[in-house]
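Participant: Handing you this structure, nothing more for now.
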Amino acid sequence: MICWINPFTGLAGDMLLGALIDAGAPLDRIRAAVAATGLTGWDLTAERVTDHGLSATRVRVEVSDPYTERRAAEVLDLATRAAPRPVADIAVAALTAVAEAEGRLHDTDPADVHLHELGGHDALVDIVGSAAALHALGVTEVVSAPLPLGRGEVNSAHGVLPCPAPATLALLAGASVKGSDLPGETVTPTGAALLHAVSARYGPPPPMTLGRTGYGAGTRSLPDRPNVVSVTLGARTPAGGNEEVVVLETNLDDVTGELLGHVISRALDAGALDAWTTAAVMKKGRPAHVLHVLTAPHHEGRLRDLLLAETGTLGIRRIGATRTVLPRAFESVDVEGRPVRIKHGPHGAKPEYDDLAAAAADLGLPLRVVAARALRLSREGAGMTDREEPCAQ
């Protein structure tokens, strides 16, 4: 799933979280992910607001333990406990980027950096919550329009600083930005760190089948425009043809089947296009597996690092490749109140397994029965008969 961010008036962590909730991320799963960190003395709520005629979601973090400053090592320790694991990965990457940026600016070891505003409850909730929302929505790719940078000054724990703040500029290295007539801080360190952590790309929305759009409201009021950020979800719909990809491979003869399954799941969560293993026989007749990960080039570095850390391998092969992609389209049908997405290609249609499994569990029906009903609903919606519909693939 692609998430395209339109930072109309800028980007802050709470605005992104509000937009993702507005787009359908379940609040209970977000709260559970934050609670897993062990952070206490907080409550997260979401409310509907209207800003200049536009309805949006605003999140609020109520704090009963106003501890606003922590060392980076303490914050990272909390983030590592977030659940599930992909949520912790994003949160840790965001906070590590903040600590390293602050460390360079203050000539301090990143672990010893004191995170002032970012060490408080609301920043931790925003970062872990946004990571949990992205995971709950199945987002594997984030693209953002250029970020508008404000002007003037901003108050900080170190005094008055120019806008954008130095830490924000450090975190935005490589990002696409543009000038803005808005005064003050339009992009916060939390927002910049989250984009960094998910390896966001910048530009217009890529080709995709549009899903839901959510709007997240900021806390300050602007005189002439709504202070919102929008996120639009969509499934990639290649127009067909060839695209460049990378295959990462490594030979493994000292890992268990459980670990291989874990690595494949983590690679897919991290944005891999596909991941699989093949059996092999290595020197001296040792049985082994070759782990393959197919990825778009912009995810290569993140997936390479993941494979090295998870498997302990001493080397990874990189193979450039070209794959031919056929056009596809998505629809959603309602099977007794449960949504099931169906992917259509030129030669067939196939319901999404995760949706089938969830619907089958809720309805107490065999998965094959739910699949048959979903396909029948899809055919009926298109005015097709069983003879006209290609076999599901």
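Convention: chains lettered A, B, ... in structure tokens order; per-chain residue numbering from 1; ligands numbered from 1 as shown.
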Contacts of A:Glu249 at 8 Å or less, counting only C-alpha atoms, minus same-chain residues fewer than 2 places along, as a list in words?

Facilitator: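 Once the adjacent positions are removed, what remains is Val247, Asn251, Val290, Leu291, His292, Val293, Ile316, Arg317 and Arg318 of chain A.
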
Participant: Given only C-alpha atoms, how would the per-residue table for stretch 138-244 of chain A near stretch 3-12 of chain A read, listing every residue at most 7 Å away with its closest atom pair and distance in Å to one decimal, sorted by chain and number, as a Markdown table?

Facilitator:
| residue | atom | partner | partner_atom | distance |
| --- | --- | --- | --- | --- |
| A:Val139 | CA | A:Cys3 | CA | 6.3 |
| A:Glu141 | CA | A:Cys3 | CA | 6.3 |
| A:Val142 | CA | A:Cys3 | CA | 4.9 |
| A:Val143 | CA | A:Trp4 | CA | 4.8 |
| A:Ser144 | CA | A:Ile5 | CA | 4.5 |
| A:Ala145 | CA | A:Asn6 | CA | 5.4 |
| A:Leu147 | CA | A:Gly10 | CA | 6.2 |
| A:Pro148 | CA | A:Gly10 | CA | 5.6 |
| A:Thr186 | CA | A:Gly10 | CA | 4.6 |
| A:Val187 | CA | A:Leu11 | CA | 4.8 |
| A:Thr188 | CA | A:Ala12 | CA | 5.2 |
| A:Thr190 | CA | A:Ala12 | CA | 6.2 |
| A:Gly191 | CA | A:Ala12 | CA | 4.4 |
| A:Pro205 | CA | A:Trp4 | CA | 6.0 |
| A:Asn227 | CA | A:Thr9 | CA | 5.8 |
| A:Val228 | CA | A:Thr9 | CA | 6.4 |
| A:Val229 | CA | A:Pro7 | CA | 4.8 |
| A:Ser230 | CA | A:Asn6 | CA | 5.2 |
| A:Val231 | CA | A:Ile5 | CA | 4.5 |
| A:Thr232 | CA | A:Trp4 | CA | 5.1 |
| A:Leu233 | CA | A:Cys3 | CA | 4.7 |
| A:Gly234 | CA | A:Cys3 | CA | 6.7 |

Participant: May I ask which of the residues A:Leu326, A:Met1, A:Leu356, A:Leu44 is the closest one to A:Ala270, counting only C-alpha atoms?

Facilitator: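 Selected residue with least distance to A:Ala270: A:Met1.
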
Participant: Near A:Thr311, counting only C-alpha atoms, which residues have an atom at most 12 Å away, once you skip same-chain residues fewer than 3 positions from it, shown as a PyMOL selection string?

Facilitator: chain A and resi 249-264+266-267+289-291+303-308+314-316

Participant: Compile the contact shell of A:Arg31 as an MDAnalysis selection string: residues with an atom at most 9 Å away, counting only C-alpha atoms, same-chain residues fewer than 5 positions apart removed.

Facilitator: chainID A and resid 26 36 43:44 125 129 132

Participant: Hey, can you spit out that residue selection with C-alpha atoms as a short mmCIF file (atom, residue, chain, number, x, y, z; two decimals), in the first residue's frame?

Facilitator:
data_model
loop_
_atom_site.label_atom_id
_atom_site.label_comp_id
_atom_site.auth_asym_id
_atom_site.auth_seq_id
_atom_site.Cartn_x
_atom_site.Cartn_y
_atom_site.Cartn_z
CA PRO A 26 -7.67 1.80 14.23
CA ALA A 36 3.81 -1.88 24.77
CA ASP A 43 -3.96 8.93 27.12
CA LEU A 44 -4.52 9.31 23.38
CA VAL A 125 3.13 8.86 21.33
CA GLY A 129 1.54 5.97 17.08
CA ALA A 132 1.66 1.76 14.33
#

Participant: Any idea what's packed within 10 Å of A:Ala23, counting only C-alpha atoms, ignoring anything in its chain fewer than 6 positions away? Could you give it as a list in words?

Facilitator: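 That gives Leu17, Thr57, Ala133, Leu137, Gly211, Arg212, Thr213, Gly214, Tyr215, Gly216, Ser230, Val231, Thr232 and Leu233 of chain A.
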
Participant: Those residues with C-alpha atoms, as a compact mmCIF listing (two decimals), in the first residue's frame please?

Facilitator:
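Produced file result.txt, reproduced below:
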# COMPACT_ATOMS: atom_id res chain seq x y z
CA LEU A 17 -1.05 10.60 13.16
CA THR A 57 -9.08 14.54 12.80
CA ALA A 133 -0.88 3.48 12.07
CA LEU A 137 -2.90 0.30 7.17
CA GLY A 211 -8.29 4.41 -1.65
CA ARG A 212 -9.17 6.53 1.35
CA THR A 213 -7.89 10.03 2.06
CA GLY A 214 -7.53 11.27 5.62
CA TYR A 215 -6.98 14.77 6.98
CA GLY A 216 -5.03 15.55 10.14
CA SER A 230 -3.66 14.94 4.02
CA VAL A 231 -2.67 11.33 3.41
CA THR A 232 -4.01 9.35 0.48
CA LEU A 233 -3.78 5.57 0.42

Participant: For A:Val92, list every protein, DNA or RNA residue within 12 Å, evaluated using only C-alpha atoms, and leave out those in the same chain fewer than 5 positions away; present the list as a ChimeraX atom specification.

Facilitator: /A:37,72-83,85-87,97-100,124,127-128,131,193-194,196-198

Participant: Atom CA of A:Glu243 and atom CA of A:Arg328, how far apart in Å?

Facilitator: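 Separation between atom CA of A:Arg328 and atom CA of A:Glu243: 14.9 Å.
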
Participant: List every residue of stretch 134-303 of chain A that DSSP, applied to the backbone, labels as helix (DSSP H, G or I), and write the result as a ChimeraX atom specification.

Facilitator: /A:134-136,166-171,189-197,257-269,283-285,297-303

Participant: Distance atom CA of A:Asp224-atom CA of A:Thr168, one decimal place?

Facilitator: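 Atom CA of A:Asp224 sits 25.4 Å away from atom CA of A:Thr168.
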
Participant: Using only C-alpha atoms, which of A:His347, A:Arg60, A:Arg29, A:Arg323 sits nearest A:Asp14?

Facilitator: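 Of the candidates, the smallest distance to A:Asp14 is held by A:Arg60.
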
Participant: Nearest residue to A:Arg48 out of A:Ala101, A:Ala217, A:Leu210, A:Leu375, using only C-alpha atoms?

Facilitator: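 With only C-alpha atoms as the atom set, the closest residue is A:Ala217.
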
Participant: Compare A:Arg373, A:His135, A:Arg71, A:His298 by their minimum atom-to-atom distance to A:Asp334, counting only C-alpha atoms, and give me the closest one.

Facilitator: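 The shortest atom-to-atom distance to A:Asp334 comes from A:Arg373.
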
Participant: Residues within 7 Å of stretch 179-182 of chain A, please, as a ChimeraX atom specification. Count only C-alpha atoms; anything in the same chain fewer than 5 positions from it doesn't count.

Facilitator: /A:148-151

Participant: Output the selection as a compact mmCIF listing (two decimals), in the first residue's frame - C-alpha atoms for each residue.

Facilitator:
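The new file out_16.txt reads:
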# COMPACT_ATOMS: atom_id res chain seq x y z
CA PRO A 148 6.86 23.93 2.81
CA LEU A 149 9.41 25.56 5.12
CA GLY A 150 8.29 28.45 7.30
CA ARG A 151 10.17 31.62 8.10

Participant: Tell me which of A:Glu47, A:Pro146, A:Thr40, A:Ser378 sits closest to A:Gly348, counting only C-alpha atoms.

Facilitator: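 Between A:Glu47, A:Pro146, A:Thr40, A:Ser378, the residue approaching A:Gly348 most closely is A:Ser378.
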